[in-house]
Amino acid sequence: MITVKGLHKSFDGNHVLKGVDITIKKGEKVVVIGPSGSGKSTFLRCLNLLEQPTQGEIWFESSNITDPKTNIDKVRQKMGMVFQHFNLFPHLTVKKNITLAPVKLGLQTQEEADTNAMHLLERIGLADKADSYPNMLSGGQKQRIAIVRALAMNPEVILFDEPTSALDPEMVGEVLELMKELAKEGMTMVVVTHEMGFAREVATRMLFMDEGIIMEQNNPQEFFSNPQNPRLKDFLTKVL
Amino acid sequence: MEFLQNISQDFYKNIVAQQRYLFFWNGLKATIAMALIAIVIGVPIGMIIALIKNSAKENKKLRWAEIICNLYVNLIRGTPVVLQLMIIYYIIFRSSNISSILVGGLAFGINSGAYVSEIVRGGIESIDKGQMEAGRSLGFNRSQTMRMIILPQAIKNILPSLGNEFIMLIKETSVAGYIGILDITKASDIVASRIYNYFFPLTVAACIYLVLTLGLSKLIRILERRMAKSDNR
């Protein structure tokens, strides 16, 4: 579904990604870990072109999204993204946050989108917050609504950029729980995270990034119990 | 008692006699007309410039538009408004018959646009860049995100400074006398020179400006409160 070929990214001479190649198939749950500054968030943000790659190609389904002729806005409708800092729209109610994109992009009528939003909110137990504004919610509630906002577009894949890193510890669980449910339902997911327990349980493939490249990738069992790369060994002893 | 009588006599002589209040009335109308024209011209100019400057950060094709905008803003902010007014009236519109109030409003609008653009730009930049990213990641293009997500939030932030700019604008129109417009200030000057007494006419003029600006700031505050209510911040 997503194919990345020779991806490089520099910020003002700072070479962050130094040649990333990977293919992600439909239904896969790829979890990316690595020390801070390893380029894992940049890699994720390149996948939907929030960062413009300096070099290399990214293919999503049959389109080369790094080609300037590709309509990236159309592609992004199929690639959801969940941010570390939620990025809900503070001037809109929860329901409006969820329905804005599907309605304004002409995918659903307001009624369809409203019904759909209420279904999604009921599912996460926040139907009573439909008319609240984001600033009245807890971090965990905000992030779950951000996930639902991405879901409302019926994406093919959802990219998670450290979705629990900005949360108070007692709220991490509820967000991970929702992500696990999505995984079970077969959603294709690429997750940058520090939650090793979640990774072990949900991932179909683990990636270890450091110094701008994928240093090691494997299924979670092998990855955690039998790491090959000394840097990964070192990293795992620190975080586990 | 005598003192009060003197004052009321003076007031009568200065303001009421020979319908001198009409000077002030007409002056008030001219001042308000110019300020309104200036706002109607200045706000769109400011908006457009702010948006061009903001888009130019990503879109290299707008490089030239940005240079022109910067030139305009620097030119306006770096020269006195009286001079701009006179240049527009005596040089640009020299041989036309357009009403001087219209020209005045235009000049003040062009002037105000430069300041408004900086206010709007600041407002846009005050919005967390995650908002743009969230909008883009949902599939909105840049201008849709700007219109539906960034600007509605930015407007709340810029309203106080924008209100301030409007107050400045009302006061700045007081130099309109330089191109022969009879605004409040000029009216008080004329009345004063007719009766050889400056105290009353100038005080009255000052009071009129005060009422205008205080009323405006009150209005802006009400608007701010109403907007704050809408998102429970």
# chains A, B, ... in the order shown; residues from 1 in each chain; ligands from 1
$ select_by_dssp --residues "segment 27-163 of chain A" --states "helix (DSSP H, G or I)" --output "ChimeraX atom specification"
/A:40-47,72-77,94-104,110-123,127-129,134-136,139-151
$ interface_residues --of "chain B" --to "chain A" --cutoff "9 Å" --atoms "only C-alpha atoms" --output "count of residues only"
21
$ residues_around --residues "Thr54 of chain A" --least-positions-apart "6" --cutoff "8 Å" --atoms "only C-alpha atoms" --output "PDB file with N, CA and C atoms, in the first residue's frame"
ATOM      1  N   LEU A   7      14.395   7.306   0.678  1.00  0.00           N
ATOM      2  CA  LEU A   7      13.914   8.577   1.220  1.00  0.00           C
ATOM      3  C   LEU A   7      15.006   9.301   2.010  1.00  0.00           C
ATOM      4  N   HIS A   8      15.285  10.525   1.586  1.00  0.00           N
ATOM      5  CA  HIS A   8      16.208  11.394   2.317  1.00  0.00           C
ATOM      6  C   HIS A   8      15.496  12.662   2.702  1.00  0.00           C
ATOM      7  N   LYS A   9      15.850  13.205   3.868  1.00  0.00           N
ATOM      8  CA  LYS A   9      15.289  14.493   4.274  1.00  0.00           C
ATOM      9  C   LYS A   9      16.339  15.280   5.053  1.00  0.00           C
ATOM     10  N   SER A  10      16.567  16.509   4.603  1.00  0.00           N
ATOM     11  CA  SER A  10      17.477  17.394   5.326  1.00  0.00           C
ATOM     12  C   SER A  10      16.734  18.654   5.735  1.00  0.00           C
TER      13      SER A  10
END
$ residues_around --residues "Val172 of chain A" --least-positions-apart "2" --cutoff "12 Å" --atoms "only C-alpha atoms" --output "ChimeraX atom specification"
/A:84,138-144,162-170,174-179,193-195,197-198
$ residues_around --residues "Ala30 of chain B" --least-positions-apart "2" --cutoff "12 Å" --atoms "only C-alpha atoms" --output "PyMOL selection string"
chain B and resi 23-28+32-37+99-105+170+173-174+176-177+180-187
$ write_last_selection --atoms "N, CA and C atoms" --output "compact mmCIF listing (two decimals), in the first residue's frame"
# COMPACT_ATOMS: atom_id res chain seq x y z
N PHE B 23 -20.98 73.51 12.29
CA PHE B 23 -19.59 73.22 11.92
C PHE B 23 -19.17 71.88 12.50
N PHE B 24 -19.47 71.76 13.80
CA PHE B 24 -19.06 70.53 14.47
C PHE B 24 -19.81 69.32 13.93
N TRP B 25 -21.09 69.54 13.67
CA TRP B 25 -21.92 68.45 13.14
C TRP B 25 -21.37 67.97 11.80
N ASN B 26 -21.09 68.93 10.93
CA ASN B 26 -20.54 68.55 9.62
C ASN B 26 -19.15 67.94 9.77
N GLY B 27 -18.38 68.49 10.69
CA GLY B 27 -17.05 67.94 10.94
C GLY B 27 -17.14 66.50 11.39
N LEU B 28 -18.09 66.26 12.29
CA LEU B 28 -18.28 64.88 12.79
C LEU B 28 -18.62 63.94 11.64
N ILE B 32 -16.34 60.74 10.53
CA ILE B 32 -16.87 59.38 10.52
C ILE B 32 -16.84 58.80 9.11
N ALA B 33 -17.20 59.63 8.12
CA ALA B 33 -17.19 59.13 6.74
C ALA B 33 -15.79 58.67 6.35
N MET B 34 -14.80 59.48 6.66
CA MET B 34 -13.42 59.11 6.29
C MET B 34 -12.98 57.84 7.01
N ALA B 35 -13.31 57.77 8.30
CA ALA B 35 -12.89 56.59 9.07
C ALA B 35 -13.55 55.33 8.50
N LEU B 36 -14.82 55.44 8.17
CA LEU B 36 -15.52 54.27 7.64
C LEU B 36 -14.94 53.83 6.30
N ILE B 37 -14.74 54.81 5.40
CA ILE B 37 -14.15 54.48 4.10
C ILE B 37 -12.79 53.83 4.31
N SER B 99 -14.63 63.89 -4.63
CA SER B 99 -14.81 64.61 -3.37
C SER B 99 -13.59 64.41 -2.48
N SER B 100 -13.21 65.46 -1.79
CA SER B 100 -11.98 65.37 -1.00
C SER B 100 -12.15 64.39 0.16
N ILE B 101 -13.37 64.23 0.63
CA ILE B 101 -13.58 63.27 1.72
C ILE B 101 -13.29 61.85 1.24
N LEU B 102 -13.69 61.57 0.00
CA LEU B 102 -13.42 60.26 -0.58
C LEU B 102 -11.91 60.03 -0.69
N VAL B 103 -11.22 61.07 -1.19
CA VAL B 103 -9.77 60.97 -1.32
C VAL B 103 -9.13 60.78 0.05
N GLY B 104 -9.64 61.54 1.02
CA GLY B 104 -9.12 61.41 2.38
C GLY B 104 -9.32 60.00 2.90
N GLY B 105 -10.53 59.48 2.75
CA GLY B 105 -10.82 58.12 3.20
C GLY B 105 -9.91 57.12 2.54
N ILE B 170 -9.34 56.86 13.65
CA ILE B 170 -10.26 57.98 13.90
C ILE B 170 -9.46 59.23 14.27
N THR B 173 -7.46 60.89 11.36
CA THR B 173 -8.19 61.68 10.36
C THR B 173 -8.16 63.16 10.71
N SER B 174 -7.69 63.50 11.91
CA SER B 174 -7.67 64.92 12.32
C SER B 174 -6.70 65.76 11.49
N ALA B 176 -6.88 65.77 8.30
CA ALA B 176 -7.55 65.94 7.00
C ALA B 176 -7.67 67.41 6.61
N GLY B 177 -7.61 68.30 7.59
CA GLY B 177 -7.67 69.73 7.31
C GLY B 177 -6.60 70.18 6.33
N GLY B 180 -7.99 70.49 3.09
CA GLY B 180 -9.19 71.30 3.02
C GLY B 180 -10.47 70.60 3.40
N ILE B 181 -10.36 69.47 4.08
CA ILE B 181 -11.57 68.80 4.54
C ILE B 181 -11.97 69.40 5.87
N LEU B 182 -13.27 69.68 6.00
CA LEU B 182 -13.74 70.24 7.26
C LEU B 182 -14.14 69.11 8.19
N ASP B 183 -13.16 68.58 8.89
CA ASP B 183 -13.46 67.52 9.86
C ASP B 183 -13.61 68.15 11.24
N ILE B 184 -13.71 67.34 12.28
CA ILE B 184 -13.95 67.90 13.62
C ILE B 184 -12.85 68.89 14.02
N THR B 185 -11.61 68.49 13.81
CA THR B 185 -10.50 69.33 14.22
C THR B 185 -10.51 70.65 13.47
N LYS B 186 -10.67 70.56 12.17
CA LYS B 186 -10.68 71.77 11.36
C LYS B 186 -11.86 72.66 11.76
N ALA B 187 -13.00 72.05 12.02
CA ALA B 187 -14.19 72.80 12.42
C ALA B 187 -13.92 73.59 13.69
$ residues_around --residues "Met168 of chain B" --least-positions-apart "2" --cutoff "12 Å" --atoms "only C-alpha atoms" --output "ChimeraX atom specification"
/B:35,38-39,81,108,111-112,115-116,161-166,170-174,209-210,212-214,216-217
$ write_last_selection --atoms "N, CA, C and O atoms" --output "compact mmCIF listing (two decimals), in the first residue's frame"
# COMPACT_ATOMS: atom_id res chain seq x y z
N ALA B 35 -13.31 57.77 8.30
CA ALA B 35 -12.89 56.59 9.07
C ALA B 35 -13.55 55.33 8.50
O ALA B 35 -12.89 54.29 8.36
N ALA B 38 -12.01 54.39 5.24
CA ALA B 38 -10.66 53.88 5.48
C ALA B 38 -10.70 52.44 5.98
O ALA B 38 -9.90 51.61 5.57
N ILE B 39 -11.66 52.14 6.87
CA ILE B 39 -11.76 50.77 7.38
C ILE B 39 -12.15 49.81 6.27
O ILE B 39 -11.56 48.73 6.10
N VAL B 81 1.67 60.20 7.89
CA VAL B 81 0.38 60.06 7.24
C VAL B 81 -0.05 61.37 6.57
O VAL B 81 -0.66 61.35 5.50
N PHE B 108 -6.36 57.44 4.03
CA PHE B 108 -6.27 56.83 5.35
C PHE B 108 -6.43 55.31 5.26
O PHE B 108 -5.83 54.57 6.05
N ASN B 111 -3.20 53.87 4.15
CA ASN B 111 -2.30 53.93 5.30
C ASN B 111 -2.62 52.82 6.29
O ASN B 111 -1.74 52.08 6.73
N SER B 112 -3.90 52.71 6.61
CA SER B 112 -4.32 51.73 7.63
C SER B 112 -4.03 50.30 7.18
O SER B 112 -3.67 49.45 7.99
N TYR B 115 -0.82 48.82 8.40
CA TYR B 115 -0.82 48.43 9.82
C TYR B 115 -1.68 47.20 10.05
O TYR B 115 -1.32 46.31 10.81
N VAL B 116 -2.85 47.19 9.38
CA VAL B 116 -3.74 46.03 9.53
C VAL B 116 -3.03 44.75 9.06
O VAL B 116 -3.16 43.70 9.68
N SER B 161 -6.20 44.28 18.84
CA SER B 161 -5.27 45.18 18.13
C SER B 161 -5.96 45.88 16.98
O SER B 161 -5.65 47.02 16.65
N LEU B 162 -6.92 45.18 16.38
CA LEU B 162 -7.65 45.78 15.28
C LEU B 162 -8.50 46.95 15.80
O LEU B 162 -8.55 48.02 15.19
N GLY B 163 -9.12 46.76 16.95
CA GLY B 163 -9.89 47.83 17.57
C GLY B 163 -9.00 49.03 17.86
O GLY B 163 -9.36 50.18 17.62
N ASN B 164 -7.81 48.73 18.35
CA ASN B 164 -6.83 49.78 18.62
C ASN B 164 -6.49 50.55 17.35
O ASN B 164 -6.41 51.78 17.34
N GLU B 165 -6.32 49.80 16.27
CA GLU B 165 -6.00 50.43 14.98
C GLU B 165 -7.13 51.34 14.53
O GLU B 165 -6.90 52.44 14.01
N PHE B 166 -8.37 50.91 14.73
CA PHE B 166 -9.51 51.74 14.33
C PHE B 166 -9.54 53.04 15.15
O PHE B 166 -9.86 54.11 14.62
N ILE B 170 -9.34 56.86 13.65
CA ILE B 170 -10.26 57.98 13.90
C ILE B 170 -9.46 59.23 14.27
O ILE B 170 -9.70 60.32 13.76
N LYS B 171 -8.47 59.03 15.13
CA LYS B 171 -7.69 60.19 15.57
C LYS B 171 -6.81 60.75 14.45
O LYS B 171 -6.62 61.94 14.33
N GLU B 172 -6.30 59.82 13.61
CA GLU B 172 -5.41 60.28 12.55
C GLU B 172 -6.13 61.11 11.49
O GLU B 172 -5.52 61.92 10.81
N THR B 173 -7.46 60.89 11.36
CA THR B 173 -8.19 61.68 10.36
C THR B 173 -8.16 63.16 10.71
O THR B 173 -8.55 63.99 9.91
N SER B 174 -7.69 63.50 11.91
CA SER B 174 -7.67 64.92 12.32
C SER B 174 -6.70 65.76 11.49
O SER B 174 -6.72 66.98 11.58
N TYR B 209 -14.13 63.52 19.96
CA TYR B 209 -13.21 62.40 19.69
C TYR B 209 -13.28 61.37 20.79
O TYR B 209 -13.30 60.16 20.55
N LEU B 210 -13.31 61.85 22.03
CA LEU B 210 -13.35 60.93 23.17
C LEU B 210 -14.58 60.03 23.11
O LEU B 210 -14.49 58.81 23.31
N LEU B 212 -16.31 59.24 20.52
CA LEU B 212 -16.17 58.30 19.41
C LEU B 212 -15.28 57.11 19.78
O LEU B 212 -15.64 55.95 19.58
N THR B 213 -14.09 57.43 20.33
CA THR B 213 -13.13 56.35 20.57
C THR B 213 -13.56 55.48 21.74
O THR B 213 -13.41 54.26 21.69
N LEU B 214 -14.11 56.10 22.78
CA LEU B 214 -14.57 55.29 23.92
C LEU B 214 -15.72 54.38 23.49
O LEU B 214 -15.77 53.21 23.86
N LEU B 216 -16.24 53.24 20.53
CA LEU B 216 -15.70 52.18 19.68
C LEU B 216 -15.04 51.09 20.51
O LEU B 216 -15.24 49.89 20.26
N SER B 217 -14.26 51.51 21.51
CA SER B 217 -13.58 50.47 22.29
C SER B 217 -14.59 49.65 23.09
O SER B 217 -14.40 48.46 23.30
$ atom_distance --atom1 "atom CA of Gly113 of chain B" --atom2 "atom CA of Ile45 of chain B"
5.1 Å
$ closest_residue --among "A:Lys25, A:Ile145, A:Ala183, A:Lys18" --to "Ile124 of chain A" --atoms "only C-alpha atoms"
A:Ile145
$ atom_distance --atom1 "atom CA of Ser38 of chain A" --atom2 "atom CA of Glu211 of chain A"
5.0 Å
$ closest_residue --among "B:Ala50, B:Met227, B:Ile15, B:Leu159" --to "Phe200 of chain B" --atoms "only C-alpha atoms"
B:Ile15
